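Novice: So here's target_15.cif (mmCIF, C-alpha atoms (C1' of nucleotides)).
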data_query
loop_
_atom_site.group_PDB
_atom_site.id
_atom_site.type_symbol
_atom_site.label_atom_id
_atom_site.label_comp_id
_atom_site.auth_asym_id
_atom_site.auth_seq_id
_atom_site.Cartn_x
_atom_site.Cartn_y
_atom_site.Cartn_z
ATOM 1 C CA MET A 30 0.000 0.000 0.000
ATOM 2 C CA GLN A 31 1.638 3.186 -1.113
ATOM 3 C CA ASP A 32 -0.515 6.091 -2.155
ATOM 4 C CA LYS A 33 -2.639 8.075 0.217
ATOM 5 C CA LEU A 34 -5.922 7.323 -1.485
ATOM 6 C CA SER A 35 -5.332 3.590 -1.239
ATOM 7 C CA GLN A 36 -4.451 4.012 2.410
ATOM 8 C CA THR A 37 -7.621 5.972 2.991
ATOM 9 C CA PHE A 38 -9.890 3.426 1.343
ATOM 10 C CA ALA A 39 -8.112 0.615 3.165
ATOM 11 C CA ALA A 40 -8.697 2.414 6.446
ATOM 12 C CA LEU A 41 -12.376 2.724 5.613
ATOM 13 C CA SER A 42 -12.663 -0.976 4.851
ATOM 14 C CA ASP A 43 -13.105 -1.995 8.474
ATOM 15 C CA PRO A 44 -16.375 -1.655 10.420
ATOM 16 C CA THR A 45 -14.614 -0.885 13.687
ATOM 17 C CA ARG A 46 -12.724 1.957 12.106
ATOM 18 C CA ARG A 47 -15.831 3.322 10.429
ATOM 19 C CA ALA A 48 -17.595 3.216 13.792
ATOM 20 C CA VAL A 49 -14.716 5.163 15.311
ATOM 21 C CA LEU A 50 -15.118 7.798 12.631
ATOM 22 C CA ALA A 51 -18.851 7.929 13.289
ATOM 23 C CA ARG A 52 -18.114 8.521 16.941
ATOM 24 C CA LEU A 53 -15.616 11.243 16.114
ATOM 25 C CA ALA A 54 -18.196 12.943 13.922
ATOM 26 C CA GLN A 55 -19.827 13.935 17.188
ATOM 27 C CA GLY A 56 -16.669 15.503 18.507
ATOM 28 C CA GLU A 57 -13.239 14.803 19.926
ATOM 29 C CA ALA A 58 -12.752 11.701 22.025
ATOM 30 C CA SER A 59 -9.908 10.038 23.872
ATOM 31 C CA VAL A 60 -8.651 6.564 23.030
ATOM 32 C CA THR A 61 -10.520 5.078 25.982
ATOM 33 C CA ASP A 62 -13.700 6.859 24.941
ATOM 34 C CA LEU A 63 -13.359 5.497 21.446
ATOM 35 C CA ALA A 64 -12.477 2.022 22.644
ATOM 36 C CA GLN A 65 -15.328 1.681 25.100
ATOM 37 C CA PRO A 66 -17.978 0.307 22.678
ATOM 38 C CA PHE A 67 -15.572 -2.349 21.409
ATOM 39 C CA LEU A 68 -13.916 -3.613 24.555
ATOM 40 C CA LYS A 69 -16.307 -6.560 24.696
ATOM 41 C CA ASP A 70 -15.028 -7.630 21.292
ATOM 42 C CA MET A 71 -11.384 -6.696 21.322
ATOM 43 C CA SER A 72 -8.545 -5.404 23.455
ATOM 44 C CA LEU A 73 -7.318 -1.857 23.868
ATOM 45 C CA PRO A 74 -4.114 -2.439 21.883
ATOM 46 C CA ALA A 75 -6.307 -3.519 18.990
ATOM 47 C CA ILE A 76 -7.973 -0.117 19.124
ATOM 48 C CA THR A 77 -4.603 1.609 19.292
ATOM 49 C CA LYS A 78 -3.738 -0.161 16.067
ATOM 50 C CA HIS A 79 -6.978 0.840 14.399
ATOM 51 C CA LEU A 80 -6.371 4.440 15.398
ATOM 52 C CA LYS A 81 -2.893 4.249 13.963
ATOM 53 C CA VAL A 82 -4.310 3.039 10.665
ATOM 54 C CA LEU A 83 -6.801 5.904 10.640
ATOM 55 C CA GLU A 84 -4.080 8.371 11.517
ATOM 56 C CA LYS A 85 -1.658 7.188 8.837
ATOM 57 C CA ALA A 86 -4.486 7.369 6.340
ATOM 58 C CA GLY A 87 -4.984 10.972 7.352
ATOM 59 C CA LEU A 88 -8.528 10.367 8.539
ATOM 60 C CA ILE A 89 -7.929 11.414 12.127
ATOM 61 C CA THR A 90 -5.511 13.574 14.054
ATOM 62 C CA LYS A 91 -4.251 12.671 17.476
ATOM 63 C CA THR A 92 -3.185 15.379 19.891
ATOM 64 C CA ARG A 93 -1.832 15.334 23.436
ATOM 65 C CA GLU A 94 -3.571 16.554 26.520
ATOM 66 C CA ALA A 95 -2.057 15.322 29.779
ATOM 67 C CA GLN A 96 -2.111 11.540 29.676
ATOM 68 C CA TRP A 97 -4.909 11.541 27.122
ATOM 69 C CA ARG A 98 -4.640 11.495 23.350
ATOM 70 C CA PRO A 99 -7.726 13.253 22.102
ATOM 71 C CA CYS A 100 -8.563 12.273 18.539
ATOM 72 C CA LYS A 101 -10.525 14.275 16.056
ATOM 73 C CA LEU A 102 -11.790 13.778 12.560
ATOM 74 C CA ASN A 103 -9.570 15.046 9.783
ATOM 75 C CA PRO A 104 -11.897 15.917 6.905
ATOM 76 C CA ASP A 105 -9.203 16.291 4.244
ATOM 77 C CA ALA A 106 -8.692 12.588 3.636
ATOM 78 C CA LEU A 107 -12.424 12.003 3.595
ATOM 79 C CA LYS A 108 -12.755 14.738 1.016
ATOM 80 C CA ASP A 109 -10.071 13.165 -1.164
ATOM 81 C CA ALA A 110 -11.904 9.860 -1.108
ATOM 82 C CA ALA A 111 -15.240 11.549 -1.779
ATOM 83 C CA ASP A 112 -13.707 13.506 -4.643
ATOM 84 C CA TRP A 113 -12.480 10.301 -6.202
ATOM 85 C CA MET A 114 -15.949 8.772 -5.963
ATOM 86 C CA GLU A 115 -17.494 11.889 -7.389
ATOM 87 C CA GLN A 116 -16.269 11.067 -10.880
ATOM 88 C CA TYR A 117 -18.581 8.056 -10.867
ATOM 89 C CA ARG A 118 -21.651 9.862 -9.620
ATOM 90 C CA MET A 119 -23.262 9.880 -13.042
ATOM 91 C CA PHE A 120 -23.191 6.091 -12.985
ATOM 92 C CA TRP A 121 -25.455 5.710 -10.039
ATOM 93 C CA GLU A 122 -27.643 8.739 -10.526
ATOM 94 C CA GLU A 123 -30.864 8.321 -12.316
ATOM 95 C CA SER A 124 -29.752 9.628 -15.700
ATOM 96 C CA PHE A 125 -28.964 5.994 -16.153
ATOM 97 C CA ASP A 126 -30.747 5.433 -19.402
ATOM 98 C CA ARG A 127 -28.942 8.305 -21.059
ATOM 99 C CA LEU A 128 -25.666 7.029 -19.694
ATOM 100 C CA ASP A 129 -26.368 3.573 -20.997
ATOM 101 C CA ALA A 130 -27.164 4.958 -24.404
ATOM 102 C CA TYR A 131 -24.033 7.076 -24.277
ATOM 103 C CA LEU A 132 -21.836 4.123 -23.489
ATOM 104 C CA LYS A 133 -23.372 2.063 -26.270
ATOM 105 C CA THR A 134 -22.305 4.820 -28.666
ATOM 106 C CA VAL A 135 -18.819 5.207 -27.294
ATOM 107 C CA SER A 136 -17.943 1.530 -27.252
ATOM 108 C CA SER A 137 -19.560 0.683 -30.560
ATOM 109 C CA ALA A 138 -17.534 -2.261 -31.893
ATOM 110 C CA LYS A 139 -16.255 -3.370 -28.520
ATOM 111 C CA HIS A 140 -14.378 -6.554 -29.326
ATOM 112 C CA GLY A 141 -15.404 -7.813 -32.716
ATOM 113 C CA LYS A 142 -12.219 -9.881 -32.682
ATOM 114 C CA GLY A 143 -11.247 -9.347 -29.094
ATOM 115 C CA LYS A 144 -8.741 -6.706 -30.026
ATOM 116 C CA THR A 145 -10.483 -3.354 -30.030
ATOM 117 C CA ASN A 146 -11.166 -1.888 -26.649
ATOM 118 C CA GLY A 147 -13.894 0.642 -27.271
ATOM 119 C CA ASN A 148 -11.551 3.604 -27.202
ATOM 120 C CA GLU A 149 -10.922 4.022 -30.885
ATOM 121 C CA MET B 1217 -13.919 -8.835 6.008
ATOM 122 C CA GLN B 1218 -17.583 -9.509 6.195
ATOM 123 C CA ASP B 1219 -19.979 -6.757 5.253
ATOM 124 C CA LYS B 1220 -20.443 -5.491 1.740
ATOM 125 C CA LEU B 1221 -19.366 -1.948 2.513
ATOM 126 C CA SER B 1222 -16.061 -3.137 3.943
ATOM 127 C CA GLN B 1223 -15.561 -5.310 0.893
ATOM 128 C CA THR B 1224 -16.270 -2.367 -1.362
ATOM 129 C CA PHE B 1225 -13.825 -0.042 0.360
ATOM 130 C CA ALA B 1226 -11.218 -2.787 0.430
ATOM 131 C CA ALA B 1227 -11.678 -3.276 -3.290
ATOM 132 C CA LEU B 1228 -11.172 0.450 -3.844
ATOM 133 C CA SER B 1229 -7.965 0.452 -1.820
ATOM 134 C CA ASP B 1230 -5.795 -0.711 -4.700
ATOM 135 C CA PRO B 1231 -4.569 1.528 -7.525
ATOM 136 C CA THR B 1232 -4.762 -1.225 -10.119
ATOM 137 C CA ARG B 1233 -8.371 -1.900 -9.261
ATOM 138 C CA ARG B 1234 -9.244 1.789 -9.299
ATOM 139 C CA ALA B 1235 -7.607 2.059 -12.718
ATOM 140 C CA VAL B 1236 -9.717 -0.853 -13.897
ATOM 141 C CA LEU B 1237 -12.829 0.944 -12.733
ATOM 142 C CA ALA B 1238 -11.695 4.106 -14.496
ATOM 143 C CA ARG B 1239 -11.294 2.105 -17.672
ATOM 144 C CA LEU B 1240 -14.737 0.576 -17.242
ATOM 145 C CA ALA B 1241 -16.213 4.018 -16.795
ATOM 146 C CA GLN B 1242 -15.638 4.397 -20.518
ATOM 147 C CA GLY B 1243 -17.532 1.253 -21.330
ATOM 148 C CA GLU B 1244 -17.448 -2.513 -21.233
ATOM 149 C CA ALA B 1245 -14.137 -4.249 -21.684
ATOM 150 C CA SER B 1246 -12.855 -7.789 -21.781
ATOM 151 C CA VAL B 1247 -10.328 -9.156 -19.321
ATOM 152 C CA THR B 1248 -7.532 -8.833 -21.867
ATOM 153 C CA ASP B 1249 -8.536 -5.256 -22.624
ATOM 154 C CA LEU B 1250 -8.495 -4.420 -18.941
ATOM 155 C CA ALA B 1251 -5.223 -6.218 -18.353
ATOM 156 C CA GLN B 1252 -3.344 -4.642 -21.233
ATOM 157 C CA PRO B 1253 -2.094 -1.492 -19.415
ATOM 158 C CA PHE B 1254 -0.764 -3.603 -16.537
ATOM 159 C CA LEU B 1255 0.887 -6.525 -18.277
ATOM 160 C CA LYS B 1256 4.279 -4.864 -17.962
ATOM 161 C CA ASP B 1257 3.837 -4.858 -14.209
ATOM 162 C CA MET B 1258 1.938 -8.052 -13.501
ATOM 163 C CA SER B 1259 0.626 -11.235 -15.002
ATOM 164 C CA LEU B 1260 -2.814 -11.971 -16.359
ATOM 165 C CA PRO B 1261 -3.807 -14.212 -13.422
ATOM 166 C CA ALA B 1262 -3.090 -11.251 -11.170
ATOM 167 C CA ILE B 1263 -5.671 -9.267 -13.110
ATOM 168 C CA THR B 1264 -8.131 -12.132 -12.921
ATOM 169 C CA LYS B 1265 -7.772 -11.956 -9.171
ATOM 170 C CA HIS B 1266 -8.275 -8.205 -9.068
ATOM 171 C CA LEU B 1267 -11.398 -8.583 -11.166
ATOM 172 C CA LYS B 1268 -12.645 -11.236 -8.789
ATOM 173 C CA VAL B 1269 -12.178 -8.835 -5.882
ATOM 174 C CA LEU B 1270 -14.073 -6.121 -7.729
ATOM 175 C CA GLU B 1271 -16.808 -8.577 -8.629
ATOM 176 C CA LYS B 1272 -17.239 -9.896 -5.092
ATOM 177 C CA ALA B 1273 -17.388 -6.324 -3.859
ATOM 178 C CA GLY B 1274 -20.218 -5.732 -6.297
ATOM 179 C CA LEU B 1275 -18.291 -3.075 -8.175
ATOM 180 C CA ILE B 1276 -18.294 -4.846 -11.519
ATOM 181 C CA THR B 1277 -20.350 -7.470 -13.289
ATOM 182 C CA LYS B 1278 -18.809 -10.083 -15.541
ATOM 183 C CA THR B 1279 -20.829 -11.566 -18.369
ATOM 184 C CA ARG B 1280 -20.061 -14.160 -21.035
ATOM 185 C CA GLU B 1281 -19.714 -13.587 -24.719
ATOM 186 C CA ALA B 1282 -18.035 -16.414 -26.599
ATOM 187 C CA GLN B 1283 -14.562 -16.821 -25.110
ATOM 188 C CA TRP B 1284 -14.594 -13.314 -23.694
ATOM 189 C CA ARG B 1285 -15.787 -12.147 -20.321
ATOM 190 C CA PRO B 1286 -16.928 -8.590 -20.840
ATOM 191 C CA CYS B 1287 -16.928 -6.620 -17.607
ATOM 192 C CA LYS B 1288 -18.949 -3.572 -16.834
ATOM 193 C CA LEU B 1289 -19.210 -1.145 -13.982
ATOM 194 C CA ASN B 1290 -21.853 -1.903 -11.399
ATOM 195 C CA PRO B 1291 -22.888 1.470 -9.955
ATOM 196 C CA ASP B 1292 -24.798 0.096 -6.957
ATOM 197 C CA ALA B 1293 -21.778 -0.665 -4.828
ATOM 198 C CA LEU B 1294 -20.204 2.663 -5.702
ATOM 199 C CA LYS B 1295 -23.388 4.357 -4.645
ATOM 200 C CA ASP B 1296 -23.395 2.557 -1.309
ATOM 201 C CA ALA B 1297 -19.860 3.721 -0.625
ATOM 202 C CA ALA B 1298 -20.669 7.253 -1.728
ATOM 203 C CA ASP B 1299 -23.780 7.269 0.449
ATOM 204 C CA TRP B 1300 -21.695 6.296 3.440
ATOM 205 C CA MET B 1301 -19.263 9.131 2.744
ATOM 206 C CA GLU B 1302 -22.116 11.543 2.290
ATOM 207 C CA GLN B 1303 -22.777 11.688 6.019
ATOM 208 C CA TYR B 1304 -19.384 13.339 6.468
ATOM 209 C CA ARG B 1305 -19.790 15.911 3.729
ATOM 210 C CA MET B 1306 -20.428 18.731 6.198
ATOM 211 C CA PHE B 1307 -16.985 18.089 7.637
ATOM 212 C CA TRP B 1308 -15.088 18.949 4.515
ATOM 213 C CA GLU B 1309 -17.419 21.517 3.072
ATOM 214 C CA GLU B 1310 -16.739 25.098 3.737
ATOM 215 C CA SER B 1311 -19.274 25.625 6.532
ATOM 216 C CA PHE B 1312 -16.283 24.586 8.514
ATOM 217 C CA ASP B 1313 -16.267 27.401 11.018
ATOM 218 C CA ARG B 1314 -19.885 26.791 11.892
ATOM 219 C CA LEU B 1315 -19.183 23.113 12.265
ATOM 220 C CA ASP B 1316 -16.248 23.774 14.482
ATOM 221 C CA ALA B 1317 -18.340 26.026 16.660
ATOM 222 C CA TYR B 1318 -21.078 23.435 16.728
ATOM 223 C CA LEU B 1319 -18.751 20.699 17.879
ATOM 224 C CA LYS B 1320 -17.329 22.888 20.599
ATOM 225 C CA THR B 1321 -20.862 23.260 21.953
ATOM 226 C CA VAL B 1322 -21.770 19.598 21.712
ATOM 227 C CA SER B 1323 -18.675 18.256 23.398
ATOM 228 C CA SER B 1324 -18.465 20.904 26.056
ATOM 229 C CA ALA B 1325 -16.783 19.140 28.995
ATOM 230 C CA LYS B 1326 -15.021 16.538 26.883
ATOM 231 C CA HIS B 1327 -12.906 14.664 29.379
ATOM 232 C CA GLY B 1328 -12.488 16.698 32.507
ATOM 233 C CA LYS B 1329 -11.364 13.509 34.181
ATOM 234 C CA GLY B 1330 -11.203 11.280 31.136
ATOM 235 C CA LYS B 1331 -14.595 9.799 31.773
ATOM 236 C CA THR B 1332 -17.168 11.867 29.945
ATOM 237 C CA ASN B 1333 -17.261 11.360 26.221
ATOM 238 C CA GLY B 1334 -19.051 14.391 24.934
ATOM 239 C CA ASN B 1335 -22.372 12.658 24.493
ATOM 240 C CA GLU B 1336 -23.979 13.574 27.787
ATOM 241 C "C1'" DC C 1286 8.807 7.901 45.284
ATOM 242 C "C1'" DT C 1287 4.633 5.155 44.863
ATOM 243 C "C1'" DT C 1288 0.429 4.393 42.913
ATOM 244 C "C1'" DA C 1289 -3.235 4.996 39.511
ATOM 245 C "C1'" DT C 1290 -4.901 5.990 34.919
ATOM 246 C "C1'" DA C 1291 -4.125 6.338 29.849
ATOM 247 C "C1'" DT C 1292 -1.920 4.655 26.082
ATOM 248 C "C1'" DT C 1293 1.648 2.421 23.484
ATOM 249 C "C1'" DT C 1294 5.125 -1.079 22.252
ATOM 250 C "C1'" DA C 1295 6.910 -5.761 21.780
ATOM 251 C "C1'" DA C 1296 6.563 -10.359 20.523
ATOM 252 C "C1'" DC C 1297 3.850 -13.458 18.761
ATOM 253 C "C1'" DC C 1298 0.047 -16.004 16.054
ATOM 254 C "C1'" DT C 1299 -3.334 -16.655 12.332
ATOM 255 C "C1'" DT C 1300 -5.425 -15.508 8.251
ATOM 256 C "C1'" DA C 1301 -5.838 -12.645 4.180
ATOM 257 C "C1'" DT C 1302 -3.633 -10.253 0.058
ATOM 258 C "C1'" DA C 1303 -1.101 -9.906 -3.876
ATOM 259 C "C1'" DG C 1304 1.784 -11.801 -6.623
ATOM 260 C "C1'" DT C 1305 4.210 -15.760 -9.232
ATOM 261 C "C1'" DT C 1306 4.520 -19.891 -12.870
ATOM 262 C "C1'" DA C 1307 2.497 -23.921 -14.848
ATOM 263 C "C1'" DA C 1308 -1.410 -26.311 -16.142
ATOM 264 C "C1'" DT C 1309 -6.326 -26.363 -17.376
ATOM 265 C "C1'" DT C 1310 -10.763 -25.116 -19.360
ATOM 266 C "C1'" DA C 1311 -13.622 -22.684 -22.906
ATOM 267 C "C1'" DA C 1312 -14.857 -21.285 -27.331
ATOM 268 C "C1'" DC C 1313 -13.616 -20.361 -31.866
ATOM 269 C "C1'" DT C 1314 -11.127 -21.366 -36.532
ATOM 270 C "C1'" DC C 1315 -9.236 -24.142 -39.871
ATOM 271 C "C1'" DG D 69 -9.467 -32.872 -34.085
ATOM 272 C "C1'" DA D 70 -5.361 -29.622 -34.087
ATOM 273 C "C1'" DG D 71 -4.226 -25.177 -33.138
ATOM 274 C "C1'" DT D 72 -5.239 -20.439 -31.327
ATOM 275 C "C1'" DT D 73 -6.951 -17.051 -28.329
ATOM 276 C "C1'" DA D 74 -9.216 -15.930 -23.793
ATOM 277 C "C1'" DA D 75 -9.467 -16.616 -19.186
ATOM 278 C "C1'" DT D 76 -9.278 -19.298 -15.026
ATOM 279 C "C1'" DT D 77 -7.510 -22.520 -11.567
ATOM 280 C "C1'" DA D 78 -3.895 -24.712 -8.817
ATOM 281 C "C1'" DA D 79 -0.063 -24.631 -6.007
ATOM 282 C "C1'" DC D 80 3.009 -21.991 -3.973
ATOM 283 C "C1'" DT D 81 5.482 -17.781 -1.735
ATOM 284 C "C1'" DA D 82 6.026 -13.421 0.696
ATOM 285 C "C1'" DT D 83 4.163 -9.804 3.115
ATOM 286 C "C1'" DA D 84 0.469 -7.274 5.440
ATOM 287 C "C1'" DA D 85 -3.624 -7.136 8.637
ATOM 288 C "C1'" DG D 86 -5.811 -7.821 12.701
ATOM 289 C "C1'" DG D 87 -5.837 -9.821 16.770
ATOM 290 C "C1'" DT D 88 -3.690 -11.533 21.374
ATOM 291 C "C1'" DT D 89 -1.087 -11.005 26.166
ATOM 292 C "C1'" DA D 90 2.505 -9.002 28.801
ATOM 293 C "C1'" DA D 91 5.508 -5.348 29.573
ATOM 294 C "C1'" DA D 92 6.729 -0.467 29.061
ATOM 295 C "C1'" DT D 93 5.998 4.495 28.924
ATOM 296 C "C1'" DA D 94 3.615 9.020 30.104
ATOM 297 C "C1'" DT D 95 1.256 12.044 33.052
ATOM 298 C "C1'" DA D 96 -0.947 13.110 37.260
ATOM 299 C "C1'" DA D 97 -1.846 12.727 42.185
ATOM 300 C "C1'" DG D 98 -0.892 11.311 46.948
#
Could you rewrite the structure in this file as structure tokens?

Specialist:
Amino acid sequence: MQDKLSQTFAALSDPTRRAVLARLAQGEASVTDLAQPFLKDMSLPAITKHLKVLEKAGLITKTREAQWRPCKLNPDALKDAADWMEQYRMFWEESFDRLDAYLKTVSSAKHGKGKTNGNE
Amino acid sequence: MQDKLSQTFAALSDPTRRAVLARLAQGEASVTDLAQPFLKDMSLPAITKHLKVLEKAGLITKTREAQWRPCKLNPDALKDAADWMEQYRMFWEESFDRLDAYLKTVSSAKHGKGKTNGNE
DNA sequence: CTTATATTTAACCTTATAGTTAATTAACTC
DNA sequence: GAGTTAATTAACTATAAGGTTAAATATAAG
């Protein structure tokens, strides 16, 4: 895993981490705060690791306050991911029939002999 | 990895797979078509595997046409991911100052002794 | 300086990912 | 049915992910 966007999507691909983000959407929280709903399912070090993944992905920022490490949402990475998705919006929005027609035009002779790729 | 959303984000967390989706945004393509830009970097079976990941995540649909397996984008999964992101839009959109103020109100006495979590 | 709370690090285990090469299946063409 | 093109499966390897428990570090409070 190299690029930031891949890191971000990878970080989002875990329900625990998404739940942490949901919690942080309501405001800052310490590690213990964030861990609390999950401690029946996993240990605290597991949460530390999840937070590290989120942090490296740029999705959260950890600060220091006495012995606590308050975490907060970092919108930038979320925006980058959302921006990437945005380019596909037309595919799921209702102008579907037009899109379908459009694509049929674009990729006319798709692979008559398995060679053309619809870009010519 | 269990739930569909996690699978979808995981599938998006690889540059090769995102490039495949970008290619499919221009229209259907066979496995060979899709593989072509990557064959200097990886083998065809590697692409087959990537396509399988995308398919299981619901991001693409593979059909049969003679000896080819034309793939096309499946917008549903993309929409699900985008919908999930949508709930965080306010965090990256410019009403940032208002948001910040809002959060400061909500999580007033965050962790005066590390116990409260800003939800009370 | 000892204790308590908050969090991380270390060492380890298990399973999943991402890739490889070689062999196989599928459908078409001659 | 022999050969060709398209794609997958099998078997294997290396590394990353996600979890564990036990020990260490950080800050505060007696």

Novice: Please compute the CA of His79 in chain A-CA of Thr61 in chain A distance, one decimal, in Å.

Specialist: 12.8 Å

Novice: Pull out every residue of chain C sitting within 7 Å of chain B, counting all atoms listed in the file, and send them as a list in words.

Specialist: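 That gives the following set of residues: DG1304, DA1311 and DA1312 of chain C.
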
Novice: Which residues, named as in the file, does the PyMOL selection byres ((chain D and resi 83) around 12) pick out? Answer as a list in words.

Specialist: Met30 of chain A; DA1301, DT1302, DA1303 and DG1304 of chain C; DT81, DA82, DA84 and DA85 of chain D

Novice: Under the PyMOL selection byres ((chain B) within 7 of (chain A)), which residues of this model are included? Write them out as number ranges by chain.

Specialist: B: 1222-1223, 1225-1226, 1228-1231, 1242-1243, 1245, 1249, 1291-1292, 1295, 1298, 1301, 1307-1308, 1319, 1323, 1333-1334

Novice: Counting only C-alpha atoms (C1' of nucleotides), figure out which residue out of D:DA91, D:DG86, D:DG98, D:DC80 gets nearest to chain A.

Specialist: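 Among the listed residues, the smallest separation from chain A belongs to D:DG86.
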
Novice: For chain A, work out the contacting residues on chain D at 12 Å, counting only C-alpha atoms (C1' of nucleotides), and write them as number ranges by chain.

Specialist: D: 73-74, 83-90, 93-96

Novice: Taking all atoms of range 1300-1311 of chain C that appear in the file, build a box with edges along x, y and z, extend it by 4 Å on every side, and state its centre and edge lengths in Å to one decimal, as lines of an AutoDock Vina configuration file.

Specialist:
center_x = -4.6
center_y = -18.1
center_z = -7.3
size_x = 26.1
size_y = 24.5
size_z = 39.2

Novice: What separation in Å, quoted to one decimal, exists between CA of Arg1285 in chain B and CA of Lys1272 in chain B?

Specialist: 15.5 Å

Novice: Could you tell me which residues the PyMOL selection byres ((chain A and resi 91) around 9) returns for this structure, as a PDB file with C-alpha atoms, in the frame of the given file?

Specialist:
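Output (out_10.pdb):
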ATOM      1  CA  SER A  59      -9.908  10.038  23.872  1.00  0.00           C
ATOM      2  CA  LEU A  80      -6.371   4.440  15.398  1.00  0.00           C
ATOM      3  CA  GLU A  84      -4.080   8.371  11.517  1.00  0.00           C
ATOM      4  CA  ILE A  89      -7.929  11.414  12.127  1.00  0.00           C
ATOM      5  CA  THR A  90      -5.511  13.574  14.054  1.00  0.00           C
ATOM      6  CA  THR A  92      -3.185  15.379  19.891  1.00  0.00           C
ATOM      7  CA  ARG A  93      -1.832  15.334  23.436  1.00  0.00           C
ATOM      8  CA  ARG A  98      -4.640  11.495  23.350  1.00  0.00           C
ATOM      9  CA  PRO A  99      -7.726  13.253  22.102  1.00  0.00           C
ATOM     10  CA  CYS A 100      -8.563  12.273  18.539  1.00  0.00           C
ATOM     11  CA  LYS A 101     -10.525  14.275  16.056  1.00  0.00           C
TER      12      LYS A 101
END

Novice: What is the CA of Leu73 in chain A to CA of Ala86 in chain A distance in Å?

Specialist: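 Distance reported for this atom pair: 20.0 Å.
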